[in-house]
Each structure stands twice: as C-alpha cells, then as structure tokens.
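J.: One file is attached below, work.txt, containing compact mmCIF, C-alpha atoms and all ligand atoms.
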# COMPACT_ATOMS: atom_id res chain seq x y z
CA MET E 116 25.30 -5.57 -20.69
CA SER E 117 25.41 -3.42 -17.59
CA THR E 118 25.76 0.31 -16.97
CA PRO E 119 28.17 0.57 -14.03
CA ILE E 120 28.32 3.76 -12.01
CA LEU E 121 31.14 4.30 -9.50
CA LEU E 122 30.08 6.01 -6.26
CA LEU E 123 32.69 7.54 -4.00
CA ASN E 124 32.32 8.78 -0.44
CA ALA E 125 35.61 10.36 0.60
CA GLY E 126 36.06 11.23 4.29
CA SER E 127 39.09 12.69 6.03
CA SER E 128 40.85 9.32 6.41
CA SER E 129 38.73 6.94 4.34
CA ILE E 130 37.14 6.42 0.93
CA LYS E 131 34.08 4.19 0.69
CA TYR E 132 33.03 3.10 -2.77
CA GLN E 133 30.49 1.03 -4.64
CA VAL E 134 29.93 0.15 -8.26
CA ILE E 135 26.20 -0.10 -8.97
CA ASP E 136 24.57 -1.16 -12.22
CA ALA E 137 22.32 1.74 -13.15
CA ASP E 138 20.01 -0.63 -15.07
CA ASP E 139 19.12 -3.28 -12.50
CA GLU E 140 20.54 -1.45 -9.43
CA ALA E 141 22.67 -4.47 -8.43
CA VAL E 142 25.86 -3.86 -6.45
CA ILE E 143 28.73 -5.03 -8.69
CA ALA E 144 31.57 -4.21 -6.29
CA SER E 145 32.15 -2.37 -3.03
CA GLY E 146 35.06 -1.44 -0.86
CA ILE E 147 36.65 0.83 1.65
CA VAL E 148 40.08 2.41 1.93
CA GLN E 149 40.88 3.19 5.55
CA ARG E 150 43.54 5.10 7.46
CA ILE E 151 44.56 7.45 4.67
CA GLY E 152 47.37 9.61 6.07
CA ASP E 153 48.62 6.94 8.52
CA GLU E 154 51.79 4.88 8.07
CA TYR E 155 49.72 1.80 7.27
CA GLY E 156 46.32 1.79 5.64
CA THR E 157 44.01 -0.95 4.35
CA ILE E 158 41.73 -1.57 1.40
CA ASP E 159 38.91 -4.12 1.38
CA HIS E 160 37.66 -4.67 -2.16
CA THR E 161 34.66 -6.98 -2.57
CA VAL E 162 33.59 -8.31 -5.94
CA ALA E 163 31.46 -11.37 -6.76
CA GLY E 164 31.21 -12.29 -3.06
CA THR E 165 34.98 -12.36 -2.48
CA THR E 166 36.82 -9.73 -0.45
CA HIS E 167 40.39 -8.87 -1.44
CA PHE E 168 42.44 -7.23 1.27
CA MET E 169 45.55 -5.09 0.93
CA GLU E 170 47.70 -3.25 3.48
CA ARG E 171 49.71 -0.30 2.24
CA GLY E 172 50.67 3.23 3.31
CA PHE E 173 48.39 5.88 1.75
CA PRO E 174 49.91 9.31 2.35
CA ASN E 175 46.96 11.02 0.65
CA HIS E 176 43.68 10.49 -1.23
CA SER E 177 45.45 10.51 -4.59
CA ARG E 178 47.65 7.54 -3.62
CA ALA E 179 44.64 5.73 -2.15
CA LEU E 180 42.76 6.15 -5.45
CA THR E 181 45.77 4.85 -7.41
CA VAL E 182 45.94 1.67 -5.31
CA MET E 183 42.15 1.29 -5.48
CA VAL E 184 42.41 1.40 -9.29
CA GLN E 185 45.10 -1.33 -9.11
CA LEU E 186 42.68 -3.57 -7.17
CA PHE E 187 39.98 -2.95 -9.78
CA ASN E 188 42.49 -3.86 -12.51
CA GLU E 189 43.49 -7.09 -10.73
CA HIS E 190 40.09 -8.31 -9.55
CA GLY E 191 37.54 -6.39 -11.60
CA PRO E 192 35.13 -5.03 -12.48
CA ALA E 193 36.79 -3.17 -15.37
CA LEU E 194 36.86 0.54 -14.60
CA SER E 195 36.91 1.19 -18.35
CA ASP E 196 33.23 0.12 -18.36
CA VAL E 197 32.22 2.73 -15.74
CA VAL E 198 29.95 5.34 -17.36
CA ALA E 199 29.97 7.97 -14.61
CA VAL E 200 31.26 8.72 -11.12
CA GLY E 201 29.05 10.12 -8.34
CA HIS E 202 30.74 11.86 -5.41
CA ARG E 203 29.09 12.30 -2.04
CA THR E 204 29.71 15.93 -1.14
CA VAL E 205 28.62 17.08 2.29
CA HIS E 206 28.19 20.84 1.91
CA GLY E 207 26.75 22.54 -1.14
CA GLY E 208 26.16 25.85 0.66
CA ALA E 209 23.37 27.98 -0.77
CA ALA E 210 24.81 27.68 -4.30
CA PHE E 211 24.35 23.99 -5.05
CA ASN E 212 20.82 22.79 -4.48
CA SER E 213 20.85 19.75 -6.74
CA THR E 214 23.23 17.13 -8.11
CA THR E 215 25.77 18.97 -10.27
CA LEU E 216 28.15 18.01 -13.06
CA ILE E 217 31.73 18.60 -11.90
CA THR E 218 33.82 20.96 -14.03
CA ASP E 219 37.00 22.90 -13.20
CA GLU E 220 34.88 25.99 -12.62
CA MET E 221 32.38 24.15 -10.43
CA LEU E 222 35.26 22.69 -8.37
CA GLU E 223 36.70 26.16 -7.84
CA HIS E 224 33.31 27.27 -6.52
CA LEU E 225 33.15 24.21 -4.25
CA ARG E 226 36.61 25.00 -2.84
CA GLU E 227 35.30 28.42 -1.81
CA LEU E 228 32.67 26.66 0.34
CA SER E 229 35.28 24.70 2.33
CA PRO E 230 35.20 27.09 5.33
CA LEU E 231 31.54 26.06 5.82
CA ALA E 232 32.53 22.39 6.20
CA PRO E 233 36.24 22.25 7.08
CA LEU E 234 36.06 18.63 8.23
CA HIS E 235 34.04 17.31 5.29
CA ASN E 236 34.48 19.24 2.05
CA PRO E 237 38.32 19.24 1.73
CA PRO E 238 38.54 15.40 1.75
CA ALA E 239 35.62 15.19 -0.69
CA ILE E 240 37.41 17.65 -3.01
CA ALA E 241 40.66 15.64 -2.69
CA GLY E 242 38.67 12.51 -3.64
CA ILE E 243 37.06 14.28 -6.62
CA GLU E 244 40.43 15.55 -7.90
CA ALA E 245 42.06 12.11 -7.59
CA ALA E 246 39.10 10.35 -9.22
CA ARG E 247 38.99 12.81 -12.12
CA ARG E 248 42.68 12.09 -12.76
CA ALA E 249 42.07 8.31 -12.54
CA LEU E 250 38.91 8.36 -14.70
CA PRO E 251 39.28 11.42 -16.93
CA ASP E 252 36.97 10.33 -19.74
CA VAL E 253 33.64 9.95 -17.89
CA PRO E 254 31.35 12.55 -16.29
CA HIS E 255 31.77 13.12 -12.56
CA VAL E 256 28.87 14.54 -10.56
CA ALA E 257 28.62 15.89 -7.01
CA ILE E 258 25.67 14.78 -4.88
CA PHE E 259 25.11 17.14 -1.97
CA ASP E 260 23.96 16.18 1.53
CA THR E 261 22.45 19.64 1.77
CA ALA E 262 20.46 19.61 -1.50
CA PHE E 263 17.23 18.06 -0.18
CA PHE E 264 16.98 20.83 2.38
CA SER E 265 17.35 23.70 -0.06
CA SER E 266 13.54 23.88 0.11
CA LEU E 267 13.48 24.95 3.78
CA PRO E 268 11.44 28.12 4.27
CA ALA E 269 13.27 31.24 5.49
CA GLU E 270 11.70 31.04 8.95
CA ALA E 271 13.24 27.58 9.41
CA TYR E 272 16.71 28.25 7.98
CA THR E 273 17.28 31.72 9.46
CA TYR E 274 19.13 31.99 12.77
CA ALA E 275 18.18 34.93 14.97
CA LEU E 276 21.55 36.65 14.48
CA ASP E 277 22.71 40.05 13.32
CA GLY E 278 21.73 39.99 9.67
CA THR E 279 24.99 41.46 8.37
CA VAL E 280 27.11 38.88 10.20
CA ALA E 281 24.88 36.07 8.95
CA LYS E 282 25.01 37.32 5.37
CA THR E 283 28.76 37.95 5.33
CA HIS E 284 29.56 34.41 6.43
CA GLY E 285 26.66 32.49 4.88
CA ILE E 286 25.35 31.52 8.32
CA ARG E 287 22.02 29.69 8.11
CA LYS E 288 20.61 26.22 8.58
CA TYR E 289 21.61 24.00 5.64
CA GLY E 290 20.71 20.50 6.87
CA PHE E 291 22.58 17.27 6.07
CA HIS E 292 21.89 13.55 5.37
CA GLY E 293 19.60 14.86 2.62
CA THR E 294 20.25 11.93 0.29
CA SER E 295 18.98 9.56 2.97
CA HIS E 296 15.98 11.69 3.99
CA SER E 297 14.96 12.04 0.35
CA PHE E 298 15.38 8.33 -0.44
CA VAL E 299 13.57 7.14 2.68
CA SER E 300 10.69 9.62 2.47
CA ARG E 301 10.00 8.57 -1.13
CA LYS E 302 10.09 4.92 -0.08
CA VAL E 303 7.52 5.74 2.61
CA ALA E 304 5.16 7.08 -0.05
CA GLU E 305 5.74 3.95 -2.17
CA PHE E 306 5.16 1.67 0.83
CA LEU E 307 1.96 3.45 1.85
CA GLY E 308 0.77 3.62 -1.77
CA ARG E 309 0.22 7.38 -1.53
CA PRO E 310 1.45 10.18 -3.81
CA TYR E 311 4.62 11.69 -2.28
CA GLU E 312 3.11 15.17 -2.47
CA SER E 313 -0.07 14.24 -0.62
CA PHE E 314 0.89 13.79 3.02
CA ASN E 315 3.05 14.99 5.93
CA GLN E 316 5.84 12.91 7.36
CA ILE E 317 8.77 12.90 9.75
CA VAL E 318 11.92 10.86 9.05
CA CYS E 319 14.39 9.99 11.83
CA HIS E 320 17.82 9.10 10.39
CA LEU E 321 19.47 7.55 13.47
CA GLY E 322 22.95 6.29 12.68
CA ASN E 323 26.30 7.24 14.10
CA GLY E 324 25.35 10.69 12.88
CA ALA E 325 21.66 11.46 13.44
CA SER E 326 19.14 13.92 12.09
CA ILE E 327 15.40 14.32 11.73
CA SER E 328 13.38 15.99 9.00
CA ALA E 329 9.87 17.38 8.66
CA ILE E 330 8.40 16.96 5.17
CA ARG E 331 5.15 18.67 4.15
CA ASN E 332 3.51 17.28 1.01
CA GLY E 333 6.88 16.12 -0.34
CA VAL E 334 8.78 19.30 0.54
CA ALA E 335 11.35 19.40 3.38
CA VAL E 336 10.35 22.22 5.74
CA ASP E 337 12.66 21.66 8.71
CA THR E 338 15.57 19.53 9.86
CA SER E 339 17.70 19.21 12.97
CA MET E 340 21.22 19.69 11.57
CA GLY E 341 22.17 23.29 10.89
CA LEU E 342 25.09 25.32 9.60
CA THR E 343 27.15 22.20 10.38
CA PRO E 344 26.28 18.53 11.00
CA LEU E 345 26.84 19.07 14.73
CA ALA E 346 23.40 20.48 15.57
CA GLY E 347 20.28 18.66 16.69
CA LEU E 348 19.99 15.12 17.99
CA VAL E 349 22.39 13.32 20.34
CA MET E 350 24.78 11.27 18.16
CA GLY E 351 27.53 8.67 18.56
CA THR E 352 30.26 11.19 19.38
CA ARG E 353 28.56 14.53 18.57
CA SER E 354 26.71 16.54 21.19
CA GLY E 355 23.86 17.79 19.04
CA ASP E 356 22.21 20.91 20.49
CA VAL E 357 23.92 22.65 23.39
CA ASP E 358 23.47 26.14 24.80
CA PRO E 359 25.05 28.54 22.27
CA GLY E 360 26.75 30.19 25.26
CA LEU E 361 28.79 27.03 25.89
CA HIS E 362 31.69 28.06 23.64
CA ALA E 363 32.25 31.34 25.46
CA PHE E 364 31.83 29.64 28.84
CA LEU E 365 34.37 26.89 28.09
CA SER E 366 36.78 29.39 26.62
CA ARG E 367 36.62 31.72 29.63
CA GLN E 368 36.15 29.22 32.46
CA GLY E 369 37.87 26.16 31.01
CA GLY E 370 40.67 27.93 29.14
CA MET E 371 39.83 25.84 26.07
CA SER E 372 40.74 26.90 22.55
CA ILE E 373 38.20 26.93 19.71
CA ASP E 374 39.83 23.78 18.29
CA ASP E 375 39.61 22.05 21.70
CA ILE E 376 35.90 22.91 21.94
CA ASP E 377 35.24 21.82 18.35
CA ASN E 378 36.99 18.53 19.05
CA LEU E 379 35.10 18.05 22.32
CA LEU E 380 31.68 18.62 20.73
CA ASN E 381 32.36 16.60 17.55
CA LYS E 382 34.49 13.72 18.78
CA LYS E 383 34.14 13.29 22.54
CA SER E 384 30.50 14.06 23.24
CA GLY E 385 27.17 12.43 22.39
CA MET E 386 26.74 8.86 23.63
CA LEU E 387 30.54 8.51 23.97
CA GLY E 388 30.75 11.48 26.30
CA LEU E 389 27.73 10.39 28.31
CA CYS E 390 28.59 6.72 28.83
CA GLY E 391 31.90 5.84 27.13
CA ALA E 392 30.35 3.85 24.25
CA THR E 393 29.04 4.86 20.82
CA ASP E 394 27.53 1.63 19.50
CA PHE E 395 23.99 0.89 20.70
CA ARG E 396 24.80 -2.83 20.91
CA ASP E 397 27.40 -2.00 23.60
CA ILE E 398 25.16 0.63 25.18
CA ASN E 399 22.24 -1.83 25.44
CA ASP E 400 24.60 -4.33 27.13
CA LEU E 401 25.73 -1.67 29.60
CA VAL E 402 22.12 -0.79 30.42
CA ALA E 403 21.32 -4.49 30.95
CA GLU E 404 24.27 -4.70 33.37
CA GLY E 405 22.77 -1.84 35.40
CA ASN E 406 25.22 0.88 34.26
CA ALA E 407 23.64 4.16 35.41
CA ASP E 408 25.58 6.35 32.93
CA ALA E 409 24.39 4.25 30.00
CA ALA E 410 20.79 4.38 31.26
CA LEU E 411 20.96 8.17 31.54
CA ALA E 412 22.59 8.41 28.08
CA VAL E 413 19.67 6.50 26.53
CA ASP E 414 17.18 8.70 28.40
CA VAL E 415 18.90 11.85 27.10
CA TYR E 416 18.95 10.41 23.55
CA VAL E 417 15.23 9.57 23.68
CA HIS E 418 14.28 12.87 25.32
CA ARG E 419 16.06 14.91 22.61
CA LEU E 420 14.47 12.87 19.83
CA LEU E 421 11.01 13.18 21.40
CA SER E 422 11.43 16.96 21.70
CA TYR E 423 12.18 17.19 17.99
CA ILE E 424 9.32 14.90 16.97
CA GLY E 425 6.88 16.92 19.08
CA SER E 426 8.15 20.16 17.61
CA TYR E 427 7.91 18.86 14.03
CA VAL E 428 4.37 17.54 14.58
CA ALA E 429 3.55 21.13 15.57
CA VAL E 430 5.46 22.64 12.61
CA LEU E 431 3.59 20.34 10.21
CA GLY E 432 0.25 20.77 11.98
CA GLY E 433 -0.10 16.98 12.29
CA ILE E 434 1.52 14.06 10.50
CA ASP E 435 0.56 10.89 8.64
CA ALA E 436 3.80 8.92 8.97
CA LEU E 437 6.83 8.69 11.26
CA THR E 438 9.77 6.65 9.95
CA PHE E 439 12.95 5.30 11.51
CA THR E 440 16.04 4.60 9.41
CA ALA E 441 19.87 4.07 9.54
CA GLY E 442 21.85 1.83 11.91
CA VAL E 443 20.05 2.61 15.17
CA GLY E 444 16.65 3.37 13.63
CA GLU E 445 16.63 0.11 11.66
CA ASN E 446 18.13 -2.20 14.30
CA ASN E 447 17.14 -0.97 17.73
CA PRO E 448 13.56 -1.89 18.66
CA SER E 449 13.95 -0.65 22.24
CA ILE E 450 14.67 2.95 21.15
CA ARG E 451 11.70 2.86 18.74
CA LYS E 452 9.46 1.50 21.48
CA ALA E 453 10.61 4.12 24.00
CA ILE E 454 9.77 6.85 21.49
CA VAL E 455 6.48 5.60 20.09
CA ASN E 456 4.97 4.61 23.45
CA ARG E 457 5.57 8.13 24.75
CA LEU E 458 3.75 9.54 21.72
CA ALA E 459 0.56 7.58 22.44
CA GLY E 460 -1.28 10.80 23.28
CA LEU E 461 -0.58 12.14 19.78
CA GLY E 462 -2.08 9.18 17.92
CA PHE E 463 0.84 6.76 17.64
CA VAL E 464 0.06 3.12 18.52
CA LEU E 465 2.99 0.66 18.42
CA ASP E 466 2.50 -2.96 17.34
CA ASP E 467 5.00 -4.58 19.72
CA ALA E 468 5.35 -7.81 17.76
CA ALA E 469 5.94 -5.98 14.47
CA ASN E 470 8.48 -3.72 16.17
CA ASP E 471 10.51 -6.74 17.29
CA VAL E 472 10.74 -8.28 13.79
CA ARG E 473 14.20 -8.04 12.20
CA SER E 474 14.13 -7.43 8.48
CA LYS E 475 15.95 -5.58 5.72
CA GLU E 476 12.60 -4.61 4.13
CA PRO E 477 10.44 -1.53 4.70
CA ARG E 478 7.81 -2.40 7.29
CA ARG E 479 5.01 -0.96 9.41
CA ILE E 480 5.48 -1.15 13.19
CA SER E 481 2.27 0.62 14.22
CA THR E 482 -1.07 -1.14 14.62
CA ALA E 483 -3.45 -1.18 11.64
CA ASP E 484 -5.73 1.36 13.36
CA SER E 485 -2.94 3.70 14.55
CA PRO E 486 -3.89 7.19 13.25
CA VAL E 487 -0.22 7.80 12.44
CA ALA E 488 1.67 5.12 10.49
CA VAL E 489 5.01 4.29 12.12
CA LEU E 490 7.51 2.63 9.77
CA VAL E 491 11.01 1.25 9.59
CA VAL E 492 12.55 1.86 6.16
CA PRO E 493 16.18 0.84 5.51
CA THR E 494 18.15 3.65 3.92
CA ASN E 495 20.48 3.07 0.96
CA GLU E 496 22.52 6.19 0.29
CA GLU E 497 24.66 4.54 -2.40
CA LEU E 498 21.61 3.47 -4.40
CA ALA E 499 20.14 6.95 -4.01
CA MET E 500 23.46 8.38 -5.26
CA ALA E 501 23.47 5.98 -8.23
CA ARG E 502 19.96 7.15 -9.19
CA GLU E 503 21.00 10.79 -8.83
CA THR E 504 24.09 10.21 -10.97
CA LYS E 505 22.11 8.38 -13.63
CA ALA E 506 19.54 11.19 -13.76
CA ALA E 507 22.25 13.86 -13.90
CA ILE E 508 24.05 12.33 -16.88
CA SER E 509 21.03 11.38 -18.94
P1 LIG E 601 25.12 3.95 10.67
O1 LIG E 601 25.90 5.21 10.91
O2 LIG E 601 23.80 4.17 10.01
O3 LIG E 601 25.94 2.88 10.01
O4 LIG E 601 24.76 3.36 12.12
C1 LIG E 601 25.75 2.83 12.98
C2 LIG E 601 25.15 2.59 14.34
O5 LIG E 601 23.99 1.76 14.25
C3 LIG E 601 26.06 1.84 15.29
O6 LIG E 601 26.98 2.69 15.96
C4 LIG E 601 25.07 1.24 16.27
O7 LIG E 601 24.80 2.17 17.31
C5 LIG E 601 23.81 1.04 15.46
N1 LIG E 601 23.57 -0.38 15.15
C6 LIG E 601 23.98 -1.05 14.05
N2 LIG E 601 23.58 -2.34 14.12
C7 LIG E 601 22.90 -2.47 15.28
C8 LIG E 601 22.22 -3.55 15.93
N3 LIG E 601 22.16 -4.78 15.38
N4 LIG E 601 21.62 -3.31 17.11
C9 LIG E 601 21.65 -2.07 17.67
N5 LIG E 601 22.28 -1.02 17.11
C10 LIG E 601 22.89 -1.21 15.93
Using structure tokens, write down the structure from this file.
T.:
Amino acid sequence: MSTPILLLNAGSSSIKYQVIDADDEAVIASGIVQRIGDEYGTIDHTVAGTTHFMERGFPNHSRALTVMVQLFNEHGPALSDVVAVGHRTVHGGAAFNSTTLITDEMLEHLRELSPLAPLHNPPAIAGIEAARRALPDVPHVAIFDTAFFSSLPAEAYTYALDGTVAKTHGIRKYGFHGTSHSFVSRKVAEFLGRPYESFNQIVCHLGNGASISAIRNGVAVDTSMGLTPLAGLVMGTRSGDVDPGLHAFLSRQGGMSIDDIDNLLNKKSGMLGLCGATDFRDINDLVAEGNADAALAVDVYVHRLLSYIGSYVAVLGGIDALTFTAGVGENNPSIRKAIVNRLAGLGFVLDDAANDVRSKEPRRISTADSPVAVLVVPTNEELAMARETKAAIS
C-alpha cells in the first residue's frame, strides 16, 4: 500500500508535477507540461523509469491538466489512488502564513492577492481550478513560497515608505523560496545534530532564481527577496537589487513603459544581461575562454552575495552555519570557493578537497576546525511540499 500525493507547480506556460508516496517519500511519477498557450506544447510523463512523451496544443491550463490526466490513465499511476493534491503557490500575502486547505472562499481570497504577484499567482490559480475539476473528491492544499518568512520582524519587512501608501497596497517584504529555505535549514540542523532552535544560520538558495535567508534559532528574520521575487541577489535573468530611482530614470530618459521596465528587469537582466548566458555551465566556459563580460558577471554575482552574507552575519550577531543549495549552490564549487575564501576574516575556512566533491548528499565543505560550518545541502521542494500536504490533511 502507498499513500500517493500529487504535487503541482503551475507557472505561466508550464506545469511541473510529481506523485510522492507520503509513507516512504519515494517518487512514484513525475512530469512536466511545457508551452501552455503556444500552438504546440509537450508533456513528459515519467513513471517506473520510463518517460512517455506527447506533443499537443494546450490553449490553457485546464486543457493541459486534461491531457495530463489522460497520460496518468494510460501509463499510471492511478489518479484514483491519490489522497491529496498540494499546489505550489508563490504569493500568500500577509493573509496566508501557512499551508492552507483550498476552498471556494479561500480561492476567492487568493484571487484578491493576484495584483501582488501578477506573473505567478494567476497561473497557480488556473492550475488549482483545473486540478480541482480533475480531482474533485480529494483535499487540495496551497503551499506558499512566502509562508516561511511570515516570521520576519517588522524592522526587516517594513520599507521606508509613506505608511499610508504602504498600507493601502500591502507593500512590504514578503520573501520567496520559503519552502526551500525551510527544508534546507531543517536539514542543516539534522546534519549537524543540533536542535533547529539552538543556532543561527544563513541559507543561500542559488538557482535560476536566487535568494538568501537569515535564520535565528529556527526563526527566519531576514531574506533578500521582497514585495516581489525580483529583489536581492543577481539571478539568471533577474536583476536583483537596483537603485529604486531606476524606474523613473528609464521612464524619463529612456522613454520606456512600466511593462518594458518590468520585462527588462525580470527577463533580460541578471547574468543574461551581463554576459548573454544564464546557465553557470555556459558562463564558466565563457570565463575559461577569457570572456571579459562573463568574468565581470561572475564578479558582480559574487560581490552581491558577499554583501548579503556580511549583512546577515551582522543582523544575526554571528552565525554557526552557512549553507549553499539549489542548482548553482549545489553544483558550482568555484562560486562557493570565491565566497568562502573572501569570508576567511569572519571565521570561515574552506576545505578545498571537500568543496570539489560532487554528491547528491548533504555535506560539509569547511574544515573540521572552521568556527563556522559551511555546508552544501541539496534542496527538494517537492518532498517538502509532500510533507506539508501530508501534515495539512492529517
Ligand atoms: P535551479 O533553478 O535550482 O534548477 O538551478 C538551475 C541553474 O543551476 C542553472 O541555470 C545553472 O546555472 C546551475 N547548474 C545546474 N547544474 C549545474 C552544474 N552541473 N554546474 C554548474 N551549474 C549548474
């Protein structure tokens, strides 16, 4: 017997999914629907080690879900066995600070939050609506990227803005990637054999999107993403922090519209804007070939990350552990080395050989006598979502 939970992550043009057994946490099936809204889309559905591929036009999320259900019916596992569905939901605003059972009323409330996350919440809501129609007899829950950061203190989440404007529009720091920061920080405690609530740590989630969190005795006290997931670190295509005056400047001097600026900062900036590549494998190759733009891009990336780590060490008044996770954090020893070596003065000592080891397991990359433990801990957002869903329904 197994207890399968379906996990859905609906983006604007894709739906990623996994079925995880809530009992032994094994992945039973996984897949991705891509290019929703285009003339031709694809689904890759993997079950028992075999990937089934289908090409088909998906005008919307509802149609994509219908075809996904067909693939489940043809190749398994049986969706009738699924006990619950967990939906990754980017923005919970100030209202949703934990995993929440989805009801009509709750969904109405979630729709009202869409202006806070116009790129992320509408597709998630479309995915939720389609999945509730496809699987009407099981509980559906929403797992919020913002929830882990609902503990931020007011001095960290408040922007220095006119209070009335901020209040009217719900403008504050919310933070994102919370499922990953929560999962990884708990793993750190497990790995170090210390109670979660007994030490200070910093987690660097460095993937295509990137964010960093400061966690004091098991409570998140600061993070780099803000009102939107655009703030903070340099990312694949997102700028991270820029001067807040940039919008007005580009509008007046560059004649750019708000949509043009939004598109520039979200889609054409970050590593892509700096050197024309987003993937660190390509960027590392460019650096090795002597490409000056790529070298500068890496320097900017490292400088921004260092500035945040330094600031969070100060916010926490000292730390016990610094952890790298997600695609770049888990797979790029040269970025980790560039960071940790520059933190030598603050008590970080890298073990070069350990840093070069490739592994899917949590591991220590600092020397045994380094005052601060430096770790690499692979994230697993789907597993974290499965645990959240299981806890929410039981
Ligand atoms: P994520 O968003 O967590 O899936 O991370 C994706 C990013 O991780 C890619 O764009 C790459 O920059 C980086 N990445 C993944 N695998 C590797 C690798 N083997 N070496 C260097 N960077 C990698």
J.: Could you give me, as a ChimeraX atom specification, the residues within 9 Å of Ile450 in chain E, counting only C-alpha atoms and dropping anything in the same chain fewer than 3 positions from it?
T.: /E:413,416-417,443-444,447,453-455
J.: Would you be able to write out as a PDB file with C-alpha atoms, in the frame of the given file which residues have an atom within 9 Å of (32.8, 6.0, 18.5) in the file's coordinates, counting all atoms listed in the file?
T.:
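The result, stored in point_22.pdb:
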ATOM      1  CA  ASN E 323      26.300   7.240  14.100  1.00  0.00           C
ATOM      2  CA  GLY E 351      27.530   8.670  18.560  1.00  0.00           C
ATOM      3  CA  THR E 352      30.260  11.190  19.380  1.00  0.00           C
ATOM      4  CA  LYS E 382      34.490  13.720  18.780  1.00  0.00           C
ATOM      5  CA  LYS E 383      34.140  13.290  22.540  1.00  0.00           C
ATOM      6  CA  MET E 386      26.740   8.860  23.630  1.00  0.00           C
ATOM      7  CA  LEU E 387      30.540   8.510  23.970  1.00  0.00           C
ATOM      8  CA  GLY E 391      31.900   5.840  27.130  1.00  0.00           C
ATOM      9  CA  ALA E 392      30.350   3.850  24.250  1.00  0.00           C
ATOM     10  CA  THR E 393      29.040   4.860  20.820  1.00  0.00           C
ATOM     11  CA  ASP E 394      27.530   1.630  19.500  1.00  0.00           C
TER      12      ASP E 394
END
J.: Can you pull out every residue within 12 Å of Ala210 in chain E, counting all atoms listed in the file, but drop anything in the same chain fewer than 6 positions away, and send it as a PyMOL selection string?
T.: chain E and resi 221+224-225+227-228+259+261-262+265+285+289
J.: Dump as CSV the rows for residues of chain E within 9 Å of ligand LIG 601 (chain E): closest atom pair and distance in Å with one decimal, all atoms listed in the file counted, ordered by chain and rising residue number.
T.:
residue,atom,partner,partner_atom,distance
E:His320,CA,E:LIG601,O2,7.8
E:Leu321,CA,E:LIG601,O2,6.5
E:Gly322,CA,E:LIG601,O4,3.5
E:Asn323,CA,E:LIG601,O1,3.8
E:Gly324,CA,E:LIG601,O1,5.8
E:Ala325,CA,E:LIG601,O1,8.0
E:Gly351,CA,E:LIG601,O6,6.5
E:Thr393,CA,E:LIG601,O6,5.7
E:Asp394,CA,E:LIG601,O7,3.5
E:Phe395,CA,E:LIG601,O7,3.7
E:Arg396,CA,E:LIG601,C9,4.6
E:Asp397,CA,E:LIG601,O7,8.0
E:Ile398,CA,E:LIG601,O7,8.0
E:Asn399,CA,E:LIG601,C9,7.8
E:Thr440,CA,E:LIG601,O2,7.8
E:Ala441,CA,E:LIG601,O2,4.0
E:Gly442,CA,E:LIG601,O5,3.2
E:Val443,CA,E:LIG601,C5,4.1
E:Gly444,CA,E:LIG601,O5,7.5
E:Glu445,CA,E:LIG601,C7,7.7
E:Asn446,CA,E:LIG601,C8,4.6
E:Asn447,CA,E:LIG601,C9,4.6
E:Pro448,CA,E:LIG601,C9,8.2
E:Thr494,CA,E:LIG601,O2,8.3
J.: Between E:Asp377, E:Glu223, E:Glu154, E:Asp139, single out the one closest to Ile243 in chain E, counting only C-alpha atoms.
T.: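 Closest residue, counting only C-alpha atoms: E:Glu223.
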J.: Show me the residues close to (32.1, 16.2, -11.7) - anything with an atom within 6 Å, counting all atoms listed in the file - and format the list as a list of chain:residue names.
T.: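 Collected hits near the coordinates: E:Leu216, E:Ile217, E:Thr218, E:Pro254, E:His255, E:Val256, E:Ala257.
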J.: Could you work out an axis-aligned box for range 353-361 of chain E, taking every atom the file lists and adding 5 Å on each side, and report centre and edge lengths in Å to one decimal, as lines of an AutoDock Vina configuration file?
T.:
center_x = 25.5
center_y = 22.4
center_z = 22.2
size_x = 16.6
size_y = 25.7
size_z = 17.3
J.: My list of candidates is E:Ala329, E:Val464, E:Leu231, E:Ile424. Which is closest to Thr482 in chain E when distances are computed with only C-alpha atoms?
T.: E:Val464
J.: Need to verify the contact set: range 145-150 of chain E, 9 Å, all atoms listed in the file, exclusion of same-chain residues closer than 3 positions in sequence. Can you return it as a list of chain:residue names?
T.: E:Ser127, E:Ser128, E:Ser129, E:Ile130, E:Lys131, E:Tyr132, E:Gln133, E:Val134, E:Ile135, E:Val142, E:Asp153, E:Glu154, E:Tyr155, E:Gly156, E:Thr157, E:Ile158, E:Asp159, E:His160, E:Thr161, E:Val162, E:Thr166, E:Gly172, E:Phe173, E:Ala179, E:Leu180, E:Met183
J.: Please report the interatomic distance between CA of Arg479 in chain E and CA of Ala141 in chain E in Å with one decimal.
T.: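 Here the two named atoms are 25.3 Å from each other.
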J.: If we count all atoms listed in the file, what is near range 330-344 of chain E at a cut-off of 8 Å, once residues fewer than 5 positions away on the same chain are taken out, given as a PyMOL selection string?
T.: chain E and resi 231-232+263-264+266-268+271-272+286-291+311-317+423+427+431
J.: Rounded to one decimal place, report the CA of Val253 in chain E-CA of Thr118 in chain E distance in Å.
T.: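 Here the two named atoms are 12.5 Å from each other.
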J.: What is the distance between CA of Gly242 in chain E and CA of Ser177 in chain E, in Å to one decimal?
T.: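 Going from CA of Gly242 in chain E over to CA of Ser177 in chain E, I get 7.1 Å.
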J.: May I have the residues within 8 Å of Ala501 in chain E as a VMD selection string, using all atoms listed in the file and disregarding those fewer than 5 positions away in the same chain?
T.: chain E and resid 120 to 122 135 137 201
J.: Using only C-alpha atoms, can you tell me which of E:Ala125, E:Val428, E:Cys390, E:Val198 comes closest to Ala245 in chain E?
T.: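 Using only C-alpha atoms, the shortest distance to Ala245 in chain E belongs to E:Ala125.
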J.: Considering only C-alpha atoms, can you say which of E:Ala241, E:Ala459, E:Val415, E:Ile143 comes closest to Ala193 in chain E?
T.: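 Smallest distance to Ala193 in chain E is found for E:Ile143.
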